[in-house]
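S.K.: Please read through the structure below; I'll follow up with questions.
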Amino acid sequence: MIRRTRRVDTTLLIAFAQFVIIVLLLSGISAEYQSNRNMQDWIAQNAWPVGYLLNGYLASTLVGVAIGGAFLLLQKWRSTEDVGKE
């Protein structure tokens, strides 16, 4: 039973790390989009719906979700440590 819990925790940690990497990449692309007029023009002409995703709101929202998720994972990790000591 303990081995299964650790596997789930490891899987959750890996999934969270992947999410954080994706958010960081999206934030970088979003920052480049906001500062690069040529990129804005090209996206407006060729892929206009993508402009809504790169306007900065999605990236900042996902950063907030990642921070909240990190606190939840830390809380879960600390609570499982306390149960193991008893």
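Here's how to read the names in the structure tokens: chain A, B, ... by the order shown, residue numbers from 1 in each chain, ligand numbers from 1 in the order shown.
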Find the nearest atom pair between each residue of region 10-52 of chain A and region 61-68 of chain A for residues within 10 Å, count only C-alpha atoms, give distances in Å to one decimal, sort rows by chain and ascending number, and present the table as JSON lines.

M.R.:
{"residue": "A:Phe16", "atom": "CA", "partner": "A:Ala66", "partner_atom": "CA", "distance": 7.9}
{"residue": "A:Ala17", "atom": "CA", "partner": "A:Ala66", "partner_atom": "CA", "distance": 9.5}
{"residue": "A:Phe19", "atom": "CA", "partner": "A:Ala66", "partner_atom": "CA", "distance": 7.6}
{"residue": "A:Val20", "atom": "CA", "partner": "A:Ala66", "partner_atom": "CA", "distance": 6.5}
{"residue": "A:Ile22", "atom": "CA", "partner": "A:Leu62", "partner_atom": "CA", "distance": 9.5}
{"residue": "A:Val23", "atom": "CA", "partner": "A:Leu62", "partner_atom": "CA", "distance": 6.4}
{"residue": "A:Leu24", "atom": "CA", "partner": "A:Val63", "partner_atom": "CA", "distance": 8.1}
{"residue": "A:Leu26", "atom": "CA", "partner": "A:Leu62", "partner_atom": "CA", "distance": 9.2}
{"residue": "A:Ser27", "atom": "CA", "partner": "A:Val63", "partner_atom": "CA", "distance": 8.5}

S.K.: Take the residues that were just selected and, keeping N, CA and C atoms, output them as a PDB file, in the first residue's frame.

M.R.:
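Okay, this is what ended up in selection.pdb:
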ATOM      1  N   PHE A  16       3.224  17.490 -12.512  1.00  0.00           N
ATOM      2  CA  PHE A  16       3.310  18.894 -12.107  1.00  0.00           C
ATOM      3  C   PHE A  16       4.551  19.556 -12.718  1.00  0.00           C
ATOM      4  N   ALA A  17       5.665  18.847 -12.740  1.00  0.00           N
ATOM      5  CA  ALA A  17       6.888  19.402 -13.338  1.00  0.00           C
ATOM      6  C   ALA A  17       6.684  19.666 -14.830  1.00  0.00           C
ATOM      7  N   PHE A  19       3.826  20.352 -16.263  1.00  0.00           N
ATOM      8  CA  PHE A  19       2.939  21.508 -16.339  1.00  0.00           C
ATOM      9  C   PHE A  19       3.729  22.804 -16.148  1.00  0.00           C
ATOM     10  N   VAL A  20       4.625  22.821 -15.182  1.00  0.00           N
ATOM     11  CA  VAL A  20       5.426  24.023 -14.916  1.00  0.00           C
ATOM     12  C   VAL A  20       6.306  24.357 -16.121  1.00  0.00           C
ATOM     13  N   ILE A  22       5.712  23.630 -19.276  1.00  0.00           N
ATOM     14  CA  ILE A  22       4.835  24.148 -20.325  1.00  0.00           C
ATOM     15  C   ILE A  22       4.445  25.590 -20.034  1.00  0.00           C
ATOM     16  N   VAL A  23       4.130  25.896 -18.784  1.00  0.00           N
ATOM     17  CA  VAL A  23       3.762  27.268 -18.411  1.00  0.00           C
ATOM     18  C   VAL A  23       4.941  28.215 -18.631  1.00  0.00           C
ATOM     19  N   LEU A  24       6.142  27.785 -18.293  1.00  0.00           N
ATOM     20  CA  LEU A  24       7.316  28.636 -18.509  1.00  0.00           C
ATOM     21  C   LEU A  24       7.535  28.901 -19.998  1.00  0.00           C
ATOM     22  N   LEU A  26       5.211  28.807 -22.357  1.00  0.00           N
ATOM     23  CA  LEU A  26       4.125  29.677 -22.792  1.00  0.00           C
ATOM     24  C   LEU A  26       4.366  31.116 -22.357  1.00  0.00           C
ATOM     25  N   SER A  27       4.883  31.309 -21.151  1.00  0.00           N
ATOM     26  CA  SER A  27       5.181  32.662 -20.669  1.00  0.00           C
ATOM     27  C   SER A  27       6.261  33.320 -21.525  1.00  0.00           C
TER      28      SER A  27
END

S.K.: Please determine, counting only C-alpha atoms, which residue among A:Thr80, A:Asn55, A:Gln34, A:Leu73 has the shortest atom-to-atom distance to Ala15 (chain A).

M.R.: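 Selected residue with least distance to Ala15 (chain A): A:Leu73.
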
S.K.: Quick one: distance from CA of Ala59 (chain A) to CA of Asn46 (chain A) in Å, one decimal?

M.R.: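 So the answer is 21.5 Å.
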
S.K.: Rounded to one decimal, what separation in Å do you get between CA of Ser60 (chain A) and CA of Asn38 (chain A)?

M.R.: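 According to the coordinates, CA of Ser60 (chain A) and CA of Asn38 (chain A) are separated by 22.8 Å.
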
S.K.: For a quick check of understanding, using only C-alpha atoms, which of A:Ser35, A:Ser30, A:Trp42, A:Gln75 has the smallest distance to Tyr57 (chain A)?

M.R.: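 Closest candidate: A:Ser30.
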
S.K.: In Å to one decimal, how far is CA of Gly56 (chain A) from CA of Glu32 (chain A)?

M.R.: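 Computed distance, CA of Glu32 (chain A) to CA of Gly56 (chain A), equals 10.3 Å.
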